[in-house]
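Novice: Below is the file model_23.tsv, with TSV, C-alpha atoms.
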```tsv
chain	number	residue	atom	x	y	z
Q	1	MET	CA	11.78	154.38	28.19
Q	2	THR	CA	10.47	157.00	30.58
Q	3	ASN	CA	7.15	156.75	32.35
Q	4	PRO	CA	4.47	159.21	31.25
Q	5	ARG	CA	4.00	162.17	33.56
Q	6	ASN	CA	0.95	162.29	35.80
Q	7	PHE	CA	-1.01	165.53	36.14
Q	8	THR	CA	-4.00	166.52	38.18
Q	9	GLY	CA	-7.00	168.01	36.44
Q	10	ALA	CA	-6.25	171.39	38.03
Q	11	GLU	CA	-2.72	171.40	36.57
Q	12	ILE	CA	-4.00	170.84	33.04
Q	13	THR	CA	-7.32	172.63	33.03
Q	14	GLY	CA	-7.01	175.11	35.89
Q	15	LEU	CA	-6.85	178.22	33.73
Q	16	GLY	CA	-9.15	177.03	30.94
Q	17	GLU	CA	-8.71	177.59	27.23
Q	18	SER	CA	-6.73	180.71	26.36
Q	19	GLN	CA	-4.53	182.40	23.79
Q	20	THR	CA	-1.97	179.60	24.19
Q	21	LEU	CA	-4.05	176.60	25.38
Q	22	GLU	CA	-6.77	174.57	23.67
Q	23	PHE	CA	-8.57	171.37	24.72
Q	24	LYS	CA	-9.75	168.64	22.34
Q	25	ARG	CA	-11.90	165.79	23.62
Q	26	SER	CA	-10.75	163.31	20.96
Q	27	GLY	CA	-7.74	162.51	18.82
Q	28	LYS	CA	-10.11	162.55	15.85
Q	29	LEU	CA	-10.11	166.35	16.13
Q	30	PHE	CA	-6.45	166.60	15.08
Q	31	LYS	CA	-7.19	168.80	12.04
Q	32	GLU	CA	-8.95	171.34	14.24
Q	33	ALA	CA	-6.06	171.05	16.68
Q	34	PHE	CA	-3.57	171.99	13.98
Q	35	THR	CA	-5.68	175.00	12.97
Q	36	ASP	CA	-5.50	176.10	16.60
Q	37	ILE	CA	-1.78	175.39	17.06
Q	38	CYS	CA	-1.04	177.33	13.86
Q	39	ALA	CA	-3.15	180.24	15.15
Q	40	MET	CA	-1.41	180.18	18.53
Q	41	VAL	CA	2.12	180.29	17.14
Q	42	ASN	CA	1.12	183.09	14.75
Q	43	ALA	CA	-0.12	185.24	17.64
Q	44	ASN	CA	2.35	187.45	19.49
Q	45	ALA	CA	2.99	184.83	22.18
Q	46	GLY	CA	4.48	182.62	19.45
Q	47	LYS	CA	3.66	179.35	21.22
Q	48	GLY	CA	0.76	177.05	21.90
Q	49	THR	CA	-0.41	173.84	23.49
Q	50	VAL	CA	-3.28	171.53	22.56
Q	51	VAL	CA	-4.32	168.86	25.07
Q	52	PHE	CA	-6.22	165.86	23.70
Q	53	GLY	CA	-8.52	164.04	26.10
Q	54	VAL	CA	-10.06	167.12	27.70
Q	55	GLU	CA	-13.53	168.53	26.99
Q	56	PRO	CA	-13.69	172.23	25.99
Q	57	ASP	CA	-15.17	173.01	29.41
Q	58	GLY	CA	-12.10	171.52	31.11
Q	59	VAL	CA	-13.48	168.13	32.14
Q	60	VAL	CA	-10.83	165.44	31.69
Q	61	CYS	CA	-12.37	162.60	29.66
Q	62	GLY	CA	-9.13	160.89	28.59
Q	63	LEU	CA	-8.32	159.09	25.37
Q	64	GLN	CA	-9.60	155.70	26.52
Q	65	ASP	CA	-10.34	154.19	23.09
Q	66	THR	CA	-7.32	155.67	21.30
Q	67	ASN	CA	-3.98	154.07	20.49
Q	68	LEU	CA	-1.63	156.80	21.74
Q	69	ASP	CA	1.32	155.59	19.63
Q	70	THR	CA	-0.76	155.74	16.46
Q	71	LEU	CA	-2.12	159.18	17.36
Q	72	GLN	CA	1.40	160.48	18.05
Q	73	GLN	CA	2.59	159.21	14.66
Q	74	THR	CA	-0.46	160.74	12.95
Q	75	LEU	CA	0.20	164.11	14.60
Q	76	ALA	CA	3.92	164.08	13.74
Q	77	ASN	CA	3.28	163.14	10.10
Q	78	HIS	CA	0.46	165.64	9.74
Q	79	ALA	CA	2.69	168.42	11.11
Q	80	LYS	CA	5.40	167.60	8.55
Q	81	GLN	CA	2.95	167.48	5.65
Q	82	LYS	CA	0.59	170.36	6.38
Q	83	LEU	CA	2.51	173.12	8.21
Q	84	ASP	CA	4.47	175.59	6.11
Q	85	PRO	CA	7.15	176.52	6.89
Q	86	PRO	CA	7.74	173.39	8.97
Q	87	LEU	CA	6.99	173.89	12.64
Q	88	GLN	CA	8.87	172.04	15.35
Q	89	THR	CA	6.32	170.26	17.52
Q	90	GLU	CA	6.64	168.33	20.76
Q	91	ILE	CA	4.20	165.50	21.47
Q	92	GLU	CA	3.93	163.97	24.94
Q	93	SER	CA	1.68	161.25	26.27
Q	94	ALA	CA	0.69	161.65	29.91
Q	95	TYR	CA	-2.01	160.89	32.43
Q	96	CYS	CA	-4.39	163.34	34.02
Q	97	ASP	CA	-6.42	162.11	36.97
Q	98	GLY	CA	-5.48	158.58	35.87
Q	99	LYS	CA	-6.79	159.05	32.32
Q	100	PRO	CA	-4.53	159.00	29.23
Q	101	ILE	CA	-4.05	162.35	27.47
Q	102	LEU	CA	-1.78	163.63	24.72
Q	103	ILE	CA	-0.12	167.05	24.77
Q	104	LEU	CA	0.92	168.80	21.54
Q	105	LYS	CA	3.19	171.85	21.92
Q	106	ALA	CA	4.74	174.16	19.35
Q	107	THR	CA	6.78	177.37	19.31
Q	108	ARG	CA	7.32	179.70	16.36
Q	109	ASN	CA	10.92	180.33	15.39
Q	110	ARG	CA	11.59	184.08	15.72
Q	111	GLY	CA	12.85	184.13	12.14
Q	112	VAL	CA	9.47	183.01	10.78
Q	113	THR	CA	6.84	185.71	10.31
Q	114	PHE	CA	3.88	183.29	10.24
Q	115	HIS	CA	3.00	179.66	9.57
Q	116	GLU	CA	0.27	178.28	7.37
Q	117	TYR	CA	-1.72	175.13	7.97
Q	118	ASP	CA	-2.98	173.42	4.83
Q	119	GLY	CA	-2.36	176.58	2.77
Q	120	ARG	CA	-4.08	179.00	5.18
Q	121	ALA	CA	-2.71	181.22	7.94
Q	122	TYR	CA	-4.60	181.55	11.20
Q	123	ILE	CA	-4.25	183.71	14.30
Q	124	ARG	CA	-5.44	183.27	17.85
Q	125	GLU	CA	-7.58	185.94	19.50
Q	126	GLY	CA	-8.33	185.03	23.09
Q	127	SER	CA	-9.51	181.43	22.95
Q	128	ALA	CA	-10.74	181.62	19.33
Q	129	SER	CA	-8.84	181.01	16.09
Q	130	ARG	CA	-9.58	182.76	12.82
Q	131	GLN	CA	-8.11	182.83	9.33
Q	132	LEU	CA	-5.86	185.74	8.37
Q	133	ASN	CA	-6.60	187.72	5.23
Q	134	VAL	CA	-3.93	188.82	2.75
Q	135	GLY	CA	-3.57	192.29	4.26
Q	136	GLU	CA	-3.11	190.86	7.75
Q	137	LYS	CA	-0.43	188.47	6.50
Q	138	GLN	CA	1.38	191.37	4.83
Q	139	GLN	CA	1.17	193.42	8.05
Q	140	LEU	CA	2.59	190.52	10.09
Q	141	THR	CA	5.44	190.17	7.61
Q	142	LEU	CA	6.26	193.88	7.84
Q	143	SER	CA	6.04	194.01	11.62
Q	144	ARG	CA	8.13	190.88	12.18
Q	145	ASN	CA	10.77	191.35	9.48
Q	146	ARG	CA	13.74	192.77	11.37
Q	147	ASP	CA	15.59	193.68	8.16
Q	148	LEU	CA	12.91	196.24	7.29
Q	149	HIS	CA	13.26	198.12	10.61
Q	150	ASN	CA	15.83	200.75	11.47
Q	151	GLY	CA	16.10	199.39	15.02
Q	152	PRO	CA	17.25	199.63	17.70
Q	153	TRP	CA	16.33	196.29	19.25
Q	154	ARG	CA	17.87	193.75	21.49
Q	155	CYS	CA	19.73	190.72	20.19
Q	156	ASP	CA	17.50	187.66	20.55
Q	157	LYS	CA	20.41	185.62	21.88
Q	158	CYS	CA	22.48	187.87	24.14
Q	159	GLY	CA	20.14	190.80	24.86
Q	160	SER	CA	22.58	193.53	23.81
Q	161	LEU	CA	21.56	196.48	21.66
```
If you convert what's in this file into C-alpha coordinates, what do you get?

Specialist:
Amino acid sequence: MTNPRNFTGAEITGLGESQTLEFKRSGKLFKEAFTDICAMVNANAGKGTVVFGVEPDGVVCGLQDTNLDTLQQTLANHAKQKLDPPLQTEIESAYCDGKPILILKATRNRGVTFHEYDGRAYIREGSASRQLNVGEKQQLTLSRNRDLHNGPWRCDKCGSL
(Lines of atoms letter the chains of each structure in order from A and count residues from 1; the text may use other names and numbers.)
(Lines give C-alpha, C1' and ligand atoms only; values in the text may rest on other atoms or scores of the structure.)
Protein backbone atom coordinates (compact mmCIF):
# COMPACT_ATOMS: atom_id res chain seq x y z
CA MET A 1 0.00 0.00 0.00
CA THR A 2 1.42 3.37 -0.97
CA ASN A 3 1.15 6.45 1.19
CA PRO A 4 -1.12 9.21 -0.11
CA ARG A 5 0.69 12.10 -1.74
CA ASN A 6 0.97 15.39 0.11
CA PHE A 7 0.33 18.65 -1.72
CA THR A 8 0.51 22.26 -0.69
CA GLY A 9 -2.51 24.47 -1.21
CA ALA A 10 -0.65 26.37 -3.94
CA GLU A 11 -0.02 23.14 -5.88
CA ILE A 12 -3.70 22.24 -5.92
CA THR A 13 -5.42 25.60 -6.03
CA GLY A 14 -2.75 27.91 -7.44
CA LEU A 15 -4.39 28.46 -10.80
CA GLY A 16 -8.01 28.31 -9.65
CA GLU A 17 -10.90 26.65 -11.43
CA SER A 18 -10.49 26.43 -15.19
CA GLN A 19 -11.44 24.56 -18.34
CA THR A 20 -9.84 21.41 -16.90
CA LEU A 21 -10.03 21.90 -13.11
CA GLU A 22 -12.99 22.09 -10.73
CA PHE A 23 -13.16 22.23 -6.92
CA LYS A 24 -15.89 20.63 -4.80
CA ARG A 25 -16.05 21.29 -1.06
CA SER A 26 -17.77 17.99 -0.23
CA GLY A 27 -18.02 14.43 -1.46
CA LYS A 28 -21.79 14.89 -1.38
CA LEU A 29 -21.42 16.98 -4.54
CA PHE A 30 -20.37 13.97 -6.62
CA LYS A 31 -23.25 14.31 -9.11
CA GLU A 32 -22.25 17.89 -9.87
CA ALA A 33 -18.65 16.69 -10.11
CA PHE A 34 -19.60 14.16 -12.79
CA THR A 35 -21.46 16.82 -14.76
CA ASP A 36 -18.25 18.86 -14.69
CA ILE A 37 -15.92 15.96 -15.53
CA CYS A 38 -18.17 15.02 -18.46
CA ALA A 39 -18.10 18.64 -19.66
CA MET A 40 -14.32 18.82 -19.34
CA VAL A 41 -13.62 15.68 -21.34
CA ASN A 42 -16.08 16.81 -24.03
CA ALA A 43 -14.22 20.10 -24.47
CA ASN A 44 -11.27 20.24 -26.86
CA ALA A 45 -8.73 19.59 -24.09
CA GLY A 46 -10.33 16.16 -23.65
CA LYS A 47 -9.38 15.84 -19.98
CA GLY A 48 -10.41 17.07 -16.58
CA THR A 49 -9.79 16.98 -12.86
CA VAL A 50 -12.18 17.47 -9.95
CA VAL A 51 -10.69 17.95 -6.48
CA PHE A 52 -12.96 17.19 -3.52
CA GLY A 53 -12.21 18.99 -0.27
CA VAL A 54 -11.56 22.42 -1.76
CA GLU A 55 -13.96 25.38 -1.71
CA PRO A 56 -14.77 26.98 -5.10
CA ASP A 57 -12.63 29.97 -4.12
CA GLY A 58 -9.61 27.70 -3.64
CA VAL A 59 -9.59 27.40 0.15
CA VAL A 60 -8.65 23.86 1.20
CA CYS A 61 -11.28 22.63 3.66
CA GLY A 62 -10.53 18.90 3.44
CA LEU A 63 -12.89 15.96 3.67
CA GLN A 64 -12.71 15.65 7.46
CA ASP A 65 -16.05 13.90 8.03
CA THR A 66 -15.92 11.67 4.95
CA ASN A 67 -14.90 8.03 4.66
CA LEU A 68 -12.49 8.27 1.70
CA ASP A 69 -12.76 4.55 0.85
CA THR A 70 -16.54 4.76 0.65
CA LEU A 71 -16.38 7.94 -1.44
CA GLN A 72 -13.89 6.33 -3.85
CA GLN A 73 -16.18 3.31 -4.28
CA THR A 74 -19.19 5.59 -4.80
CA LEU A 75 -17.33 7.58 -7.47
CA ALA A 76 -16.09 4.46 -9.27
CA ASN A 77 -19.54 2.84 -9.29
CA HIS A 78 -21.26 6.05 -10.34
CA ALA A 79 -18.82 6.45 -13.25
CA LYS A 80 -19.58 2.92 -14.46
CA GLN A 81 -23.34 3.38 -14.19
CA LYS A 82 -23.88 6.93 -15.43
CA LEU A 83 -21.22 7.75 -18.05
CA ASP A 84 -21.87 6.67 -21.63
CA PRO A 85 -19.76 5.53 -23.32
CA PRO A 86 -17.79 4.39 -20.28
CA LEU A 87 -15.06 6.81 -19.28
CA GLN A 88 -11.83 5.65 -17.69
CA THR A 89 -11.40 7.56 -14.44
CA GLU A 90 -8.56 7.75 -11.96
CA ILE A 91 -9.35 8.38 -8.30
CA GLU A 92 -6.59 9.30 -5.83
CA SER A 93 -6.75 10.13 -2.15
CA ALA A 94 -4.18 12.66 -0.99
CA TYR A 95 -3.50 15.35 1.57
CA CYS A 96 -3.34 19.07 0.96
CA ASP A 97 -1.95 21.22 3.75
CA GLY A 98 -2.50 18.22 6.04
CA LYS A 99 -6.19 17.86 5.13
CA PRO A 100 -7.61 14.82 3.29
CA ILE A 101 -8.73 15.43 -0.30
CA LEU A 102 -9.82 13.23 -3.18
CA ILE A 103 -8.78 13.80 -6.80
CA LEU A 104 -10.91 12.53 -9.70
CA LYS A 105 -9.28 12.60 -13.16
CA ALA A 106 -10.56 11.54 -16.56
CA THR A 107 -9.41 11.69 -20.18
CA ARG A 108 -11.54 11.20 -23.28
CA ASN A 109 -10.43 8.46 -25.64
CA ARG A 110 -9.68 10.06 -29.03
CA GLY A 111 -12.04 7.59 -30.68
CA VAL A 112 -15.02 8.90 -28.69
CA THR A 113 -16.73 12.02 -30.02
CA PHE A 114 -18.43 12.90 -26.73
CA HIS A 115 -19.58 11.38 -23.45
CA GLU A 116 -22.95 11.70 -21.76
CA TYR A 117 -23.60 11.79 -18.05
CA ASP A 118 -26.98 10.45 -16.99
CA GLY A 119 -28.29 10.73 -20.57
CA ARG A 120 -27.09 14.31 -21.19
CA ALA A 121 -23.95 15.66 -22.85
CA TYR A 122 -22.17 18.66 -21.34
CA ILE A 123 -19.29 20.87 -22.41
CA ARG A 124 -16.92 23.08 -20.47
CA GLU A 125 -16.57 26.75 -21.35
CA GLY A 126 -13.96 28.41 -19.18
CA SER A 127 -14.82 27.35 -15.64
CA ALA A 128 -18.53 26.77 -16.37
CA SER A 129 -20.29 23.63 -17.62
CA ARG A 130 -23.40 23.65 -19.78
CA GLN A 131 -25.58 21.07 -21.51
CA LEU A 132 -25.10 20.51 -25.24
CA ASN A 133 -28.09 20.69 -27.55
CA VAL A 134 -28.73 18.22 -30.37
CA GLY A 135 -27.14 20.41 -33.04
CA GLU A 136 -23.99 20.87 -30.97
CA LYS A 137 -23.71 17.11 -30.43
CA GLN A 138 -24.07 16.56 -34.18
CA GLN A 139 -21.39 19.19 -34.88
CA LEU A 140 -19.00 17.54 -32.40
CA THR A 141 -19.61 14.17 -34.05
CA LEU A 142 -18.85 15.60 -37.50
CA SER A 143 -15.76 17.48 -36.39
CA ARG A 144 -14.28 14.57 -34.43
CA ASN A 145 -15.15 11.70 -36.76
CA ARG A 146 -11.93 11.08 -38.67
CA ASP A 147 -13.64 8.78 -41.19
CA LEU A 148 -15.71 11.70 -42.50
CA HIS A 149 -12.65 13.87 -43.27
CA ASN A 150 -10.47 13.72 -46.35
CA GLY A 151 -7.37 14.38 -44.24
CA PRO A 152 -4.47 14.83 -44.13
CA TRP A 153 -3.76 14.46 -40.42
CA ARG A 154 -1.14 12.99 -38.24
CA CYS A 155 -1.35 9.49 -36.82
CA ASP A 156 -2.33 9.70 -33.15
CA LYS A 157 0.27 7.09 -32.25
CA CYS A 158 3.35 7.73 -34.37
CA GLY A 159 2.83 11.28 -35.66
CA SER A 160 3.32 10.44 -39.35
CA LEU A 161 1.06 11.77 -42.08

Novice: Env of segment 128-138 of chain Q: 6 Å cut, atoms = all atoms listed in the file, seq-sep filter 4 positions within chain, self excluded. Answer as a list in words.

Specialist: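 Within the cut-off, the hits are Asp36, Ala39, Ala121, Tyr122, Ile123 and Arg124 of chain Q.
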
Novice: Would you compute the distance between atom CA of Val51 of chain Q and atom CA of Asp65 of chain Q? Give it in Å to one decimal.

Specialist: 16.0 Å

Novice: Between segment 32-102 of chain Q and segment 107-111 of chain Q, at 6 Å or less, what are the per-residue closest atom pairs and their distances in Å? Count only C-alpha atoms, order by chain and rising residue number, and return it as CSV.

Specialist:
```
residue,atom,partner,partner_atom,distance
Q:Val41,CA,Q:Arg108,CA,5.3
Q:Gly46,CA,Q:Arg108,CA,5.1
Q:Lys47,CA,Q:Thr107,CA,4.2
```

Novice: Quick one: 8 Å padding each side, axis-aligned, all listed atoms of segment 115-120 of chain Q - centre and edge lengths in Å to one decimal, as JSON?

Specialist:
```
{"center_x": -0.5, "center_y": 176.5, "center_z": 6.2, "size_x": 23.1, "size_y": 22.2, "size_z": 22.8}
```

Novice: Restricting the calculation to only C-alpha atoms, which member of Q:Thr89, Q:Ser143, Q:Ser18, Q:Ser127 is positioned closest to Phe34 of chain Q?

Specialist: Q:Thr89

Novice: Looking at only C-alpha atoms, which of Q:Leu15, Q:Ala106, Q:Val112, Q:Ala10 is the one that sits closest to Ile37 of chain Q?

Specialist: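 Checking each candidate against Ile37 of chain Q, we get Q:Ala106 as the closest.
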
Novice: Go through Q:Ile91, Q:Ala33, Q:Leu140, Q:Ile101 and flag the residue nearest Thr8 of chain Q, using all atoms listed in the file for the distances.

Specialist: Q:Ile101

Novice: Which residue out of Q:Leu102, Q:Ala45, Q:Cys38, Q:Val50 has the minimum interatomic distance to Gly62 of chain Q when only C-alpha atoms are used?

Specialist: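 Among the listed residues, the smallest separation from Gly62 of chain Q belongs to Q:Leu102.
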
Novice: Have a look at atom CA of Phe23 of chain Q and atom CA of Met40 of chain Q and let me know their distance in Å, one decimal.

Specialist: 12.9 Å

Novice: Between Q:Gly27, Q:Gly119, Q:Gly98, Q:Gly58, which has the minimum distance to Asp84 of chain Q (counting only C-alpha atoms)?

Specialist: Q:Gly119

Novice: In Å to one decimal, how far is atom CA of Asp69 of chain Q from atom CA of Phe114 of chain Q?

Specialist: 29.4 Å

Novice: I need the residue nearest Arg144 of chain Q from this list: Q:Thr113, Q:Leu75, Q:Thr35, Q:Phe7. Use only C-alpha atoms for the distance.

Specialist: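 Closest residue, counting only C-alpha atoms: Q:Thr113.
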
Novice: Give me the residues near Gly126 of chain Q as a ChimeraX atom specification, where near means some atom within 9 Å (using all atoms listed in the file) and where sequence neighbours in that chain fewer than 6 positions away do not count.

Specialist: /Q:17-20

Novice: Applying 12 Å and all atoms listed in the file, which residues near Thr74 of chain Q remain after dropping the ones on its own chain fewer than 5 positions away? List them as a PyMOL selection string.

Specialist: chain Q and resi 27-31+34+66-69+79-82+91+104
